[in-house]
Amino acid sequence: MAREVPNYTIRPMKREEIPDVLQLWRETGLAEGTYSLDTWFAHDPDGFYVAVTDDGMVLGSCAGVLQNDDLAFIGLYVVKSAYRRHGIGRKIWNAVMKRVGDRNAGVNPVPEQLENYRDRSGFPVQTSWCSIVSHTKSMDMSLFTANDLDINLQRLILEDNDTLNEVICYDADVCGFSRGNLVPLLCSQKDSVTMVAIKTDSNEICGYGNIRKNIKNGAIVGPLYADSAEIAEKILYELVKAFPIGEIEGIMMMAIDCNLPAMKMMDKLGFQTVEGIARLYRDEEVHVKYEKVFSQHSLNFSIF
């Protein structure tokens, strides 16, 4: 017998509703950082919508996070299982898309919803590559290769303005646009560590990465951007050392299969593929420096 749907309102999410929305997402069985919603809400507080009953129960959510003035990313689309197939999700979706307007937008549909998003929901542009979600049940540190790279690794902190600004520039070079307010939020996120790789001879940034606790009790790594697989592996090694929950409880990463060195690194380090996720766009594909993307920031909120 179908459950009667209570009266509800579609509106922008409030900060205090983040735990309820995160719990909804946890029920899907999919991963996300424990404080990722807090970070992205601080980045774009107008990008999150919820369906809320008159007594405050969150029935569903969807996010349309602006990446820049011309681009958005759609994610966190979920309705409480007991209230699906009543049109709640469609109403939240419509509110988000109204906010997104005529901007280009990207989305990572789960495989069973690919055709729905591509053929019926206005995201006809499918890329030739997929996001590869992979994980380890624990991290065998002996699998990392000892190397003599001429780089220094240091933890990124807000107080180090020079390094922070250089990381923002490096991130912009990879993505093609500046995320100047996001990188500081990332490095100050609770239950996380951000590491930066710096060339010793030129003092230039050659990669950076973040590791944080996820809602499945392990760790999630992303972004992990680097000039080479060797540098990415070194950053990952230092991230795990600084955040040992990953070594004990396992790590999830989100590479892209057009970056073959990234795929080889994941295989070498014992990561097992969970699933491949297609990327769709409304208008046109957004091209970045794929060769530097070893793990994406988020499959819910970030273009890469």
# chains A, B, ... in the order shown; residues from 1 in each chain; ligands from 1

call {"tool": "closest_atom_pairs", "arguments": {"of": "region 256-302 of chain A", "to": "region 180-201 of chain A", "cutoff": "12 Å", "atoms": "only C-alpha atoms", "output": "JSON lines"}}
result
{"residue": "A:His297", "atom": "CA", "partner": "A:Leu186", "partner_atom": "CA", "distance": 9.8}
{"residue": "A:Ser298", "atom": "CA", "partner": "A:Leu186", "partner_atom": "CA", "distance": 11.6}
{"residue": "A:Phe301", "atom": "CA", "partner": "A:Leu182", "partner_atom": "CA", "distance": 11.5}
{"residue": "A:Ser302", "atom": "CA", "partner": "A:Leu182", "partner_atom": "CA", "distance": 10.5}

call {"tool": "residues_around", "arguments": {"residues": "region 36-50 of chain A", "least_positions_apart": "5", "cutoff": "6 Å", "atoms": "only C-alpha atoms", "output": "VMD selection string"}}
result
chain A and resid 10 to 13 60 to 65 185

call {"tool": "residues_around", "arguments": {"residues": "Ser228 (chain A)", "least_positions_apart": "4", "cutoff": "8 Å", "atoms": "only C-alpha atoms", "output": "list in words"}}
result
Ala232, Pro261, Glu291 and Lys292 of chain A

call {"tool": "closest_residue", "arguments": {"among": "A:Val125, A:Val5, A:Leu153, A:Ile245", "to": "His86 (chain A)", "atoms": "only C-alpha atoms"}}
result
A:Val5

call {"tool": "select_by_dssp", "arguments": {"residues": "region 169-221 of chain A", "states": "strand (DSSP E)", "output": "count of residues only"}}
result
20

call {"tool": "closest_residue", "arguments": {"among": "A:Leu149, A:Ala72, A:Ile215, A:Cys206", "to": "Leu22 (chain A)", "atoms": "only C-alpha atoms"}}
result
A:Ile215

call {"tool": "closest_residue", "arguments": {"among": "A:Gly101, A:Gly276, A:Gly207, A:Gly29", "to": "Gln154 (chain A)", "atoms": "only C-alpha atoms"}}
result
A:Gly207

call {"tool": "residues_around", "arguments": {"residues": "Glu27 (chain A)", "least_positions_apart": "5", "cutoff": "12 Å", "atoms": "only C-alpha atoms", "output": "list in words"}}
result
Asp20, Val21, Leu22, Glu32, Gly60, Leu76, Val78, Val79, Lys80, Ser81, Ala82, Ile215 and Lys216 of chain A
